[in-house]
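Peer 1: Next comes work_24.txt, compact mmCIF, C-alpha atoms and all ligand atoms:
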# COMPACT_ATOMS: atom_id res chain seq x y z
CA MET J 1 0.00 0.00 0.00
CA PRO J 2 1.42 3.45 -0.82
CA PRO J 3 2.20 5.63 2.19
CA LYS J 4 -0.83 7.54 3.43
CA ARG J 5 -0.77 11.24 2.68
CA ARG J 6 -1.93 13.70 5.29
CA LYS J 7 -4.53 16.15 4.20
CA GLY J 8 -3.35 19.54 3.11
CA ARG J 9 -4.59 22.71 1.54
CA LYS J 10 -3.76 23.68 -2.04
CA VAL J 11 -2.16 27.01 -2.67
CA ARG J 12 -0.83 28.69 -5.77
CA VAL J 13 2.70 29.93 -5.59
CA ASP J 14 4.78 31.88 -8.04
CA PHE J 15 7.27 29.85 -9.94
CA ARG J 16 9.98 31.29 -12.05
CA GLN J 17 10.43 29.80 -15.47
CA ASN J 18 13.65 27.92 -15.65
CA ARG J 19 14.45 28.94 -19.18
CA GLN J 20 13.24 32.44 -19.12
CA GLN J 21 13.64 34.66 -22.17
CA ARG J 22 15.70 37.69 -21.51
CA ARG J 23 13.22 40.57 -21.57
CA ARG J 24 15.59 43.44 -21.30
CA GLY J 25 19.06 43.39 -22.64
CA ASP J 26 20.39 45.54 -19.85
CA ASP J 27 22.94 44.62 -17.21
CA TRP J 28 20.35 44.28 -14.52
CA THR J 29 18.78 41.28 -16.22
CA ARG J 30 21.99 39.80 -17.51
CA ARG J 31 23.65 39.95 -14.13
CA TYR J 32 21.17 37.54 -12.66
CA HIS J 33 20.27 35.49 -15.71
CA GLU J 34 22.53 32.64 -14.67
CA ASP J 35 21.68 32.75 -11.03
CA GLN J 36 18.01 32.07 -10.62
CA ASP J 37 18.12 31.55 -6.88
CA LYS J 38 19.75 34.87 -6.31
CA LEU J 39 17.01 36.47 -8.34
CA VAL J 40 14.35 35.13 -5.97
CA ASP J 41 16.23 36.64 -3.07
CA GLU J 42 16.54 39.90 -4.94
CA ARG J 43 12.77 40.27 -4.78
CA LEU J 44 13.19 41.38 -1.21
CA THR J 45 15.26 44.36 -2.10
CA GLU J 46 14.66 45.09 -5.78
CA SER J 47 11.53 46.91 -6.73
CA VAL J 48 12.30 46.98 -10.45
CA ARG J 49 11.26 43.68 -11.94
CA ALA J 50 10.79 42.65 -15.56
CA LYS J 51 7.15 41.90 -16.25
CA GLY J 52 6.28 38.23 -16.40
CA GLU J 53 9.36 37.12 -14.57
CA LEU J 54 7.36 35.30 -11.94
CA SER J 55 4.37 34.65 -14.10
CA ARG J 56 4.15 30.87 -13.92
CA ARG J 57 2.21 29.61 -10.96
CA ARG J 58 2.15 26.13 -9.56
CA THR J 59 -0.10 24.42 -7.05
CA VAL J 60 1.55 22.89 -4.00
CA ILE J 61 -0.05 21.22 -1.02
CA VAL J 62 0.60 22.93 2.26
CA THR J 63 -0.44 22.60 5.87
CA ASP J 64 -2.03 25.39 7.88
CA ASP J 65 1.27 27.17 8.35
CA ASP J 66 1.71 27.32 4.57
CA ALA J 67 4.59 24.89 4.35
CA PRO J 68 4.58 21.89 2.00
CA LEU J 69 3.39 18.64 3.56
CA VAL J 70 5.90 16.23 5.06
CA GLU J 71 6.83 13.21 2.99
CA GLU J 72 7.67 11.21 6.08
CA THR J 73 8.76 8.06 4.27
CA LEU J 74 11.37 9.84 2.17
CA TRP J 75 12.48 12.73 4.31
CA SER J 76 14.65 12.93 7.40
CA SER J 77 14.17 15.33 10.25
CA GLY J 78 16.88 17.56 11.62
CA VAL J 79 17.65 20.86 13.26
CA VAL J 80 19.44 23.81 11.67
CA THR J 81 22.69 24.46 13.53
CA ALA J 82 24.09 27.29 11.38
CA VAL J 83 23.24 29.25 8.25
CA HIS J 84 25.91 30.21 5.71
CA GLY J 85 24.25 32.21 2.95
CA LEU J 86 21.98 29.83 1.07
CA VAL J 87 23.38 26.73 2.75
CA CYS J 88 22.08 25.50 6.11
CA ARG J 89 24.11 23.25 8.32
CA VAL J 90 21.74 20.60 9.64
CA SER J 91 22.15 17.98 12.35
CA ASP J 92 19.98 14.90 11.87
CA ALA J 93 18.42 12.76 14.64
CA GLY J 94 21.65 10.78 14.97
CA GLY J 95 23.78 13.93 15.19
CA GLN J 96 25.25 13.59 11.68
CA PRO J 97 25.89 16.95 9.99
CA TRP J 98 24.48 17.76 6.54
CA ASP J 99 24.80 20.77 4.29
CA CYS J 100 21.36 21.57 2.94
CA THR J 101 19.99 24.05 0.48
CA VAL J 102 16.36 25.13 0.71
CA ARG J 103 13.88 23.80 -1.90
CA ARG J 104 13.06 26.72 -4.15
CA VAL J 105 9.31 26.45 -3.73
CA LEU J 106 9.74 26.58 0.05
CA ARG J 107 12.09 29.51 -0.19
CA THR J 108 9.57 31.36 -2.34
CA LEU J 109 6.91 30.74 0.31
CA LEU J 110 9.22 31.90 3.07
CA ILE J 111 10.12 35.02 1.15
CA GLU J 112 6.41 35.78 0.74
CA GLN J 113 6.15 35.52 4.51
CA ARG J 114 9.29 37.64 4.93
CA SER J 115 10.93 34.78 6.73
CA SER J 116 13.86 32.49 6.18
CA VAL J 117 15.25 29.29 7.65
CA THR J 118 17.21 30.11 10.78
CA VAL J 119 19.27 28.46 13.50
CA GLY J 120 17.11 26.25 15.73
CA ASP J 121 14.52 25.57 13.03
CA ARG J 122 13.28 22.00 12.97
CA ILE J 123 13.22 20.88 9.39
CA TRP J 124 12.71 17.91 7.08
CA PHE J 125 15.13 17.31 4.28
CA SER J 126 15.38 15.05 1.22
CA ASN J 127 17.83 14.03 -1.49
CA HIS J 128 20.43 12.81 0.94
CA SER J 129 23.60 12.17 -0.94
CA LYS J 130 27.27 12.79 -0.94
CA SER J 131 28.60 15.71 -2.91
CA HIS J 132 31.62 15.20 -5.18
CA ASP J 133 33.90 16.29 -2.35
CA GLY J 134 32.37 13.78 0.04
CA GLU J 135 30.13 16.14 2.04
CA ALA J 136 26.69 14.88 3.10
CA VAL J 137 24.21 17.16 1.33
CA GLY J 138 20.43 17.46 1.18
CA VAL J 139 17.49 19.72 0.38
CA ILE J 140 15.25 21.26 3.04
CA GLU J 141 11.62 20.61 2.15
CA ARG J 142 9.70 21.78 5.16
CA VAL J 143 10.16 23.89 8.27
CA ALA J 144 8.11 23.06 11.38
CA ALA J 145 6.06 25.81 13.00
CA ARG J 146 8.24 27.62 15.53
CA THR J 147 7.46 27.46 19.23
CA THR J 148 9.45 30.62 20.06
CA THR J 149 11.53 33.20 18.23
CA LEU J 150 14.21 35.56 19.38
CA SER J 151 14.01 38.44 16.93
CA ARG J 152 15.33 41.91 16.50
CA ARG J 153 14.75 44.64 13.97
CA ASP J 154 17.48 44.75 11.36
CA ARG J 155 18.89 47.76 9.57
CA ARG J 156 16.28 47.44 6.83
CA LYS J 157 13.59 47.61 9.53
CA ARG J 158 12.62 44.00 9.01
CA GLU J 159 12.46 41.12 11.43
CA HIS J 160 15.70 39.28 11.90
CA THR J 161 15.01 36.02 13.70
CA ILE J 162 18.25 35.19 15.46
CA VAL J 163 17.16 31.81 16.80
CA ALA J 164 13.98 29.73 16.60
CA ASN J 165 12.60 27.28 19.17
CA ALA J 166 14.90 28.20 22.07
CA ASP J 167 13.29 28.29 25.49
CA GLN J 168 15.85 30.34 27.41
CA LEU J 169 17.83 33.52 26.82
CA LEU J 170 21.10 33.88 28.71
CA ILE J 171 21.84 37.61 28.82
CA VAL J 172 25.58 37.77 29.33
CA ALA J 173 26.97 41.04 30.69
CA SER J 174 30.47 41.64 32.03
CA ILE J 175 31.05 43.71 35.15
CA ALA J 176 34.12 45.25 33.49
CA ARG J 177 35.92 45.28 30.12
CA PRO J 178 33.46 46.09 28.60
CA ALA J 179 31.46 47.88 31.29
CA LEU J 180 27.95 46.68 32.00
CA LYS J 181 25.16 48.28 30.00
CA PRO J 182 21.96 47.84 32.02
CA HIS J 183 19.77 49.36 29.32
CA LEU J 184 20.92 46.65 26.92
CA VAL J 185 19.94 44.05 29.54
CA ASP J 186 16.48 45.69 29.73
CA ARG J 187 16.16 45.44 25.95
CA TYR J 188 17.00 41.76 26.00
CA LEU J 189 14.42 41.27 28.75
CA VAL J 190 11.80 42.86 26.49
CA ALA J 191 12.80 40.58 23.59
CA ALA J 192 12.65 37.54 25.88
CA ALA J 193 9.17 38.50 27.09
CA LYS J 194 8.01 39.08 23.53
CA GLY J 195 9.55 35.87 22.22
CA ASP J 196 8.37 33.75 25.16
CA LEU J 197 11.86 32.81 26.35
CA ARG J 198 12.86 32.56 30.00
CA PRO J 199 15.62 35.09 30.65
CA VAL J 200 18.62 34.37 32.87
CA ILE J 201 21.10 37.18 33.51
CA CYS J 202 24.77 36.26 33.79
CA PHE J 203 27.23 38.77 35.28
CA ASN J 204 30.52 37.49 33.88
CA LYS J 205 34.15 38.47 34.57
CA CYS J 206 33.43 38.58 38.30
CA ASP J 207 37.16 38.03 38.86
CA LEU J 208 37.78 41.62 37.73
CA ALA J 209 37.24 44.76 39.80
CA PRO J 210 33.76 45.98 38.83
CA GLU J 211 33.56 49.17 36.84
CA ALA J 212 30.95 51.70 37.91
CA VAL J 213 28.06 51.82 35.46
CA ASP J 214 27.68 55.20 33.87
CA LEU J 215 23.96 55.86 33.67
CA GLU J 216 24.29 59.19 31.94
CA GLU J 217 25.87 57.55 28.96
CA GLU J 218 22.78 55.40 28.58
CA ALA J 219 20.16 57.95 29.52
CA GLU J 220 18.20 59.95 27.02
CA PRO J 221 15.96 62.61 28.48
CA GLY J 222 12.29 62.10 27.81
CA PRO J 223 9.00 63.08 29.38
CA GLY J 224 8.89 62.13 33.03
CA SER J 225 12.62 61.48 33.17
CA GLY J 226 13.45 64.70 35.03
CA ASP J 227 14.14 62.78 38.22
CA ALA J 228 16.03 60.05 36.44
CA PRO J 229 19.16 58.83 38.17
CA ARG J 230 22.36 60.47 37.14
CA GLY J 231 25.89 59.43 37.88
CA ALA J 232 27.10 55.96 38.62
CA LEU J 233 25.64 52.72 39.90
CA SER J 234 27.53 49.70 41.15
CA THR J 235 27.22 46.31 39.51
CA ASP J 236 26.12 44.94 42.92
CA ASP J 237 23.18 47.37 42.87
CA LEU J 238 22.23 46.12 39.42
CA PHE J 239 22.58 42.49 40.43
CA GLU J 240 20.16 43.19 43.28
CA GLU J 241 17.82 45.21 41.11
CA PHE J 242 17.40 42.43 38.55
CA SER J 243 17.20 39.73 41.23
CA ALA J 244 14.47 41.68 43.06
CA LEU J 245 12.44 41.69 39.83
CA GLY J 246 12.41 37.90 39.99
CA TYR J 247 15.01 37.21 37.29
CA THR J 248 17.56 34.48 37.90
CA CYS J 249 20.97 36.19 38.10
CA LEU J 250 24.32 34.42 38.09
CA GLN J 251 27.86 35.56 38.77
CA THR J 252 30.51 33.82 36.73
CA SER J 253 34.09 33.95 35.65
CA ALA J 254 35.01 31.97 32.58
CA THR J 255 38.73 32.42 33.20
CA GLU J 256 38.70 31.67 36.94
CA ARG J 257 36.00 29.01 36.56
CA ILE J 258 33.60 30.60 39.04
CA GLY J 259 29.86 29.88 39.01
CA LEU J 260 30.08 27.30 36.23
CA ASP J 261 28.11 24.59 38.07
CA ALA J 262 25.24 26.98 38.70
CA LEU J 263 25.32 27.99 35.03
CA ARG J 264 25.36 24.35 33.94
CA ARG J 265 22.31 23.66 36.11
CA GLU J 266 20.40 26.45 34.37
CA LEU J 267 21.35 25.15 30.93
CA ALA J 268 20.74 21.40 31.38
CA GLY J 269 17.66 20.20 29.55
CA HIS J 270 17.05 23.52 27.79
CA MET J 271 17.88 25.25 24.56
CA THR J 272 19.53 28.50 25.60
CA VAL J 273 20.66 31.43 23.48
CA PHE J 274 23.84 33.16 24.70
CA SER J 275 23.48 36.85 23.93
CA GLY J 276 25.14 40.11 24.90
CA GLN J 277 27.67 42.68 23.75
CA SER J 278 30.84 41.61 21.99
CA GLY J 279 33.64 40.77 24.40
CA VAL J 280 31.54 39.93 27.46
CA GLY J 281 32.69 36.31 27.30
CA LYS J 282 29.87 34.30 25.72
CA SER J 283 32.17 31.97 23.80
CA SER J 284 34.64 31.84 26.72
CA LEU J 285 31.88 30.66 29.05
CA LEU J 286 30.94 27.93 26.61
CA ASN J 287 34.57 26.83 26.29
CA ALA J 288 34.85 26.81 30.09
CA LEU J 289 31.76 24.62 30.33
CA GLN J 290 32.95 22.29 27.60
CA PRO J 291 36.53 22.72 26.36
CA ASP J 292 36.06 20.50 23.29
CA LEU J 293 33.76 23.13 21.77
CA ASN J 294 36.94 25.01 21.03
CA LEU J 295 35.22 28.27 20.13
CA THR J 296 37.36 31.18 19.00
CA VAL J 297 37.74 33.96 21.57
CA LYS J 298 39.78 37.14 21.40
CA ALA J 299 40.90 39.78 23.91
CA VAL J 300 38.90 42.99 23.98
CA SER J 301 40.50 46.10 22.53
CA ARG J 302 42.93 47.71 24.95
CA ASP J 303 41.96 51.24 23.92
CA THR J 304 38.20 51.03 23.88
CA GLU J 305 37.67 47.96 26.09
CA LYS J 306 35.20 46.81 23.47
CA GLY J 307 34.94 43.33 21.99
CA ARG J 308 36.25 42.57 18.54
CA HIS J 309 33.17 40.82 17.17
CA VAL J 310 34.88 37.47 17.10
CA THR J 311 31.85 35.19 16.77
CA SER J 312 30.37 36.07 13.40
CA GLN J 313 27.45 33.66 13.09
CA ALA J 314 24.95 32.03 15.41
CA ARG J 315 25.75 28.36 16.03
CA LEU J 316 23.71 25.70 17.77
CA LEU J 317 25.85 23.44 19.94
CA ARG J 318 25.08 20.36 21.98
CA LEU J 319 26.24 20.26 25.58
CA ASP J 320 27.42 17.03 27.22
CA CYS J 321 25.46 17.94 30.35
CA GLY J 322 22.26 17.66 28.28
CA GLY J 323 20.78 20.65 26.54
CA TYR J 324 21.61 22.87 23.63
CA VAL J 325 23.11 26.33 23.45
CA VAL J 326 23.37 28.88 20.69
CA ASP J 327 26.48 31.04 20.68
CA THR J 328 25.63 34.30 18.93
CA PRO J 329 27.68 37.25 17.67
CA GLY J 330 27.82 40.20 20.06
CA ILE J 331 25.80 43.22 18.99
CA ARG J 332 26.10 46.87 19.88
CA GLN J 333 22.44 47.67 19.83
CA PHE J 334 19.44 45.43 20.17
CA ASP J 335 16.54 46.98 18.27
CA ILE J 336 13.22 45.73 19.51
CA TRP J 337 11.05 44.04 16.91
CA ASN J 338 7.28 44.11 16.76
CA VAL J 339 6.40 45.23 20.28
CA GLU J 340 3.52 47.70 20.25
CA PRO J 341 3.59 50.61 22.72
CA GLY J 342 0.65 49.02 24.58
CA GLU J 343 2.58 45.74 24.82
CA LEU J 344 5.78 47.26 26.14
CA GLU J 345 4.41 47.95 29.63
CA ALA J 346 3.79 44.19 30.07
CA CYS J 347 7.46 43.51 29.33
CA PHE J 348 8.44 45.50 32.42
CA VAL J 349 7.29 43.03 35.08
CA GLU J 350 7.34 45.52 37.95
CA PHE J 351 4.75 47.71 36.18
CA THR J 352 2.07 45.02 36.35
CA PRO J 353 0.59 45.84 39.80
CA TYR J 354 0.17 49.51 38.84
CA ILE J 355 -1.07 49.42 35.25
CA GLN J 356 -4.74 48.97 36.22
CA LYS J 357 -4.48 51.89 38.63
CA CYS J 358 -3.64 54.52 35.99
CA HIS J 359 -6.42 57.06 35.48
CA PHE J 360 -6.51 56.51 31.73
CA ARG J 361 -6.91 53.01 30.40
CA ASP J 362 -4.65 53.69 27.45
CA CYS J 363 -2.03 55.44 29.60
CA HIS J 364 1.47 55.31 28.10
CA HIS J 365 2.92 56.26 31.48
CA THR J 366 4.73 59.32 30.17
CA ASP J 367 3.08 62.60 31.16
CA GLU J 368 -0.56 61.60 31.60
CA GLN J 369 -2.55 62.80 34.61
CA GLY J 370 -3.07 60.23 37.34
CA CYS J 371 -0.41 57.78 36.13
CA ALA J 372 0.18 55.13 38.78
CA ILE J 373 3.51 54.09 37.23
CA VAL J 374 4.95 57.62 37.46
CA ALA J 375 3.68 57.80 41.07
CA ALA J 376 5.40 54.46 41.83
CA VAL J 377 8.65 55.78 40.33
CA GLU J 378 8.40 58.94 42.41
CA SER J 379 7.84 56.99 45.60
CA GLY J 380 10.76 54.70 44.79
CA LYS J 381 8.67 51.54 44.28
CA ILE J 382 9.77 51.30 40.66
CA SER J 383 13.42 51.88 39.79
CA ALA J 384 13.90 55.20 38.03
CA ARG J 385 16.58 53.57 35.91
CA ARG J 386 14.19 50.90 34.65
CA TYR J 387 11.49 53.49 34.03
CA LEU J 388 13.94 55.50 31.98
CA SER J 389 14.70 52.39 29.93
CA TYR J 390 10.98 52.02 29.27
CA LEU J 391 10.72 55.65 28.13
CA LYS J 392 13.71 55.27 25.88
CA ILE J 393 12.28 52.24 24.11
CA LEU J 394 8.85 53.88 23.89
CA ALA J 395 10.32 57.02 22.34
CA GLU J 396 12.19 54.89 19.85
CA MET J 397 8.97 53.14 18.84
CA ALA J 398 7.30 56.45 18.20
CA ARG J 399 10.16 57.38 15.86
CA THR J 400 10.01 54.19 13.78
N1 LIG C 501 39.01 38.34 33.24
C1 LIG C 501 38.11 37.68 32.52
N2 LIG C 501 38.19 37.69 31.19
C2 LIG C 501 37.27 37.00 30.49
C3 LIG C 501 36.24 36.26 31.12
N3 LIG C 501 35.46 35.70 30.16
C4 LIG C 501 35.99 36.07 28.99
N4 LIG C 501 37.08 36.84 29.19
C5 LIG C 501 37.94 37.42 28.15
O1 LIG C 501 37.16 38.33 27.37
C6 LIG C 501 37.60 38.33 26.02
C7 LIG C 501 36.42 38.17 25.08
O2 LIG C 501 35.83 36.91 25.27
P1 LIG C 501 34.92 36.18 24.18
O3 LIG C 501 34.51 34.88 24.77
O4 LIG C 501 35.59 36.17 22.86
O5 LIG C 501 33.66 37.18 24.13
P2 LIG C 501 32.31 37.01 23.27
O6 LIG C 501 31.20 37.51 24.14
O7 LIG C 501 32.16 35.65 22.74
O8 LIG C 501 32.55 38.07 22.10
P3 LIG C 501 31.95 38.07 20.58
O9 LIG C 501 32.15 36.71 20.00
O10 LIG C 501 32.77 39.11 19.89
O11 LIG C 501 30.52 38.46 20.69
C8 LIG C 501 38.63 37.21 25.92
O12 LIG C 501 39.93 37.78 26.00
C9 LIG C 501 38.39 36.37 27.15
O13 LIG C 501 39.54 35.72 27.63
C10 LIG C 501 36.20 36.25 32.55
O14 LIG C 501 35.34 35.66 33.19
N5 LIG C 501 37.16 36.97 33.19
MG MG C 502 32.03 34.90 20.82
ZN ZN C 503 0.20 55.27 33.55
Would it be possible to restate this file's structure as structure tokens?
Ligand SMILES: Nc1nc2c(ncn2[C@@H]2O[C@H](COP(=O)(O)OP(=O)(O)OP(=O)(O)O)[C@@H](O)[C@H]2O)c(=O)[nH]1
Ligand SMILES: [Mg+2]
Ligand SMILES: [Zn+2]
Peer 2:
Amino acid sequence: MPPKRRKGRKVRVDFRQNRQQRRRGDDWTRRYHEDQDKLVDERLTESVRAKGELSRRRTVIVTDDDAPLVEETLWSSGVVTAVHGLVCRVSDAGGQPWDCTVRRVLRTLLIEQRSSVTVGDRIWFSNHSKSHDGEAVGVIERVAARTTTLSRRDRRKREHTIVANADQLLIVASIARPALKPHLVDRYLVAAAKGDLRPVICFNKCDLAPEAVDLEEEAEPGPGSGDAPRGALSTDDLFEEFSALGYTCLQTSATERIGLDALRRELAGHMTVFSGQSGVGKSSLLNALQPDLNLTVKAVSRDTEKGRHVTSQARLLRLDCGGYVVDTPGIRQFDIWNVEPGELEACFVEFTPYIQKCHFRDCHHTDEQGCAIVAAVESGKISARRYLSYLKILAEMART
């Protein structure tokens, strides 16, 4: 009996003709004539398009999330561990690595949805074979619906999903070299709340003398921020502030091997994304936990005390203690993606008891009359520093 097919819905998708006539003899067409795949990708950025280029349409069967149905008898499942351009590194159920391209029809669908295959995606792939140089290669046919996403807004103001399906976000900050940036931690906390990931904050380099945190450097005056804290704050104060909010906070040293057991306990059985500025020690912590990972690390710049952006791509790694981690490249700025102003207040956990008490139901907690959040800041129940972070993100949303 042939394998039973699951029911799916038919959709029409654009298909580019393989042997397309050149419509315009200009460089723009010629440049991409040979490289059809690149042309599909160009649709994201190129508004000029020769008429009829994507005129052929084909019917494919998809499930509710618009992905082609799984051909379970022929396809293997796996997880994407890294993405290099159009090639995804995939680890199958047995841990064998494969280099997979994405089936064009699937890529077209993903482009329509402004999405692409990313690290952590659970996928099915076909056409397993060995390439001429002996690499195991395949073709990704389907991507499973994601349970969570960690996303940020990229420079083109689009969603950049850094990792899919993780359940924890380890926010790594160093207490010195580079100095701690509490506002960046607040931003990650918002992204974790939005993406449904449990945040854990890791204060690394605790073997060094802590540098005072310069709040003025981070602050940006806004409405209601007149009484905002100025000057310096100690890293101990920040550790206590985040702990008091209910977040799990750890103190570690990758070089002196401090706090590694506690970190390992948090990671075991989870899929955790390591995030934070460049140079805070994300890769060093992973090497300390498991030396055979052998990740590249580099000293921070002597002049600026900033990291050198050593890790350049997100990579999913398996830990011997059970669990998966994703080492990610350090970023300077974490732009929040897709959080509406009305949603932002819920990402600041300490606001929750006061939100209902504001005079106006749609209060943005800036300069409205009878705002319970502003009153709580004034009476010291909500940290002025955190409130300022909220205002800063809110102001940024209004600008974009
Ligand atoms: N003193 C001290 N130095 C550390 C510690 N952890 C990391 N470092 C040093 O910090 C520097 C940067 O570490 P990396 O692990 O490359 O930092 P990263 O966060 O992975 O940086 P990117 O990959 O650029 O995002 C290296 O010189 C490490 O040796 C620590 O706990 N204490
Ligand atoms: Mg790194
Ligand atoms: Zn209010």
Peer 1: Residues near stretch 245-259 of chain J, anyone? I mean within 9 Å using all atoms listed in the file, not counting same-chain ones fewer than 3 positions away, as a PyMOL selection string.
Peer 2: chain J and resi 198-208+239-242+262-264+281-282+284-289+349-350
Peer 1: Residues within 8 Å of ligand ZN 503 (chain C) should be enumerated using all atoms listed in the file and returned as a list in words.
Peer 2: Tyr354, Ile355, Lys357, Cys358, His359, Phe360, Asp362, Cys363, His364, His365, Thr366, Glu368, Gly370, Cys371, Ala372, Ile373 and Val374 of chain J
Peer 1: Atom CA of J:Gly330 and atom CA of J:Ser383, how far apart in Å?
Peer 2: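 Between atom CA of J:Ser383 and atom CA of J:Gly330 the gap is 27.1 Å.
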Peer 1: Let me make sure I understand: among J:Asp327, J:Glu378, J:Glu396, J:Asp236, which one has the smallest atom-to-atom distance to ligand MG 502 (chain C) if we use all atoms listed in the file?
Peer 2: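 Answer, going by the shortest atom-to-atom distance: J:Asp327.
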Peer 1: Go ahead and compute the interatomic distance for atom CA of J:Ser91 and atom CA of J:Leu295, in Å to one decimal.
Peer 2: 18.4 Å
Peer 1: What separation in Å, quoted to one decimal, exists between atom CA of J:Thr101 and atom CA of J:Phe125?
Peer 2: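 Distance between the two atoms: 9.1 Å.
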Peer 1: So which residues touch J:Ile393 within 9 Å, counting only C-alpha atoms, skipping near sequence neighbours fewer than 2 positions away, as a VMD selection string?
Peer 2: chain J and resid 187 335 to 336 341 344 388 to 391 395 to 398
Peer 1: Keeping only C-alpha atoms, write the selected residues to a file as an mmCIF file, in the coordinates of the input.
Peer 2:
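File written: result_11.cif
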data_model
loop_
_atom_site.group_PDB
_atom_site.id
_atom_site.type_symbol
_atom_site.label_atom_id
_atom_site.label_comp_id
_atom_site.auth_asym_id
_atom_site.auth_seq_id
_atom_site.Cartn_x
_atom_site.Cartn_y
_atom_site.Cartn_z
ATOM 1 C CA ARG J 187 16.160 45.440 25.950
ATOM 2 C CA ASP J 335 16.540 46.980 18.270
ATOM 3 C CA ILE J 336 13.220 45.730 19.510
ATOM 4 C CA PRO J 341 3.590 50.610 22.720
ATOM 5 C CA LEU J 344 5.780 47.260 26.140
ATOM 6 C CA LEU J 388 13.940 55.500 31.980
ATOM 7 C CA SER J 389 14.700 52.390 29.930
ATOM 8 C CA TYR J 390 10.980 52.020 29.270
ATOM 9 C CA LEU J 391 10.720 55.650 28.130
ATOM 10 C CA ALA J 395 10.320 57.020 22.340
ATOM 11 C CA GLU J 396 12.190 54.890 19.850
ATOM 12 C CA MET J 397 8.970 53.140 18.840
ATOM 13 C CA ALA J 398 7.300 56.450 18.200
#
Peer 1: Env of stretch 130-141 of chain J: 7 Å cut, atoms = only C-alpha atoms, seq-sep filter 5 positions within chain, self excluded. Answer as a ChimeraX atom specification.
Peer 2: /J:98-103,106,123-125
Peer 1: Considering only C-alpha atoms and all ligand atoms, can you say which of J:Arg315, J:Arg361, J:Arg386, J:His128 comes closest to ligand MG 502 (chain C)?
Peer 2: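 Smallest separation from ligand MG 502 (chain C) among the options: J:Arg315.
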Peer 1: Would you mind telling me which residue in J:Ala145, J:Ile382, J:Leu180, J:Ala173 lies nearest to ligand LIG 501 (chain C) when using only C-alpha atoms and all ligand atoms?
Peer 2: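 Checking each of J:Ala145, J:Ile382, J:Leu180, J:Ala173 against ligand LIG 501 (chain C), counting only C-alpha atoms and all ligand atoms, the winner is J:Ala173.
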Peer 1: So which residues are near ligand MG 502 (chain C), meaning at most 10 Å away with all atoms listed in the file counted, given back as a PyMOL selection string?
Peer 2: chain J and resi 274-286+295-298+307-314+327-330
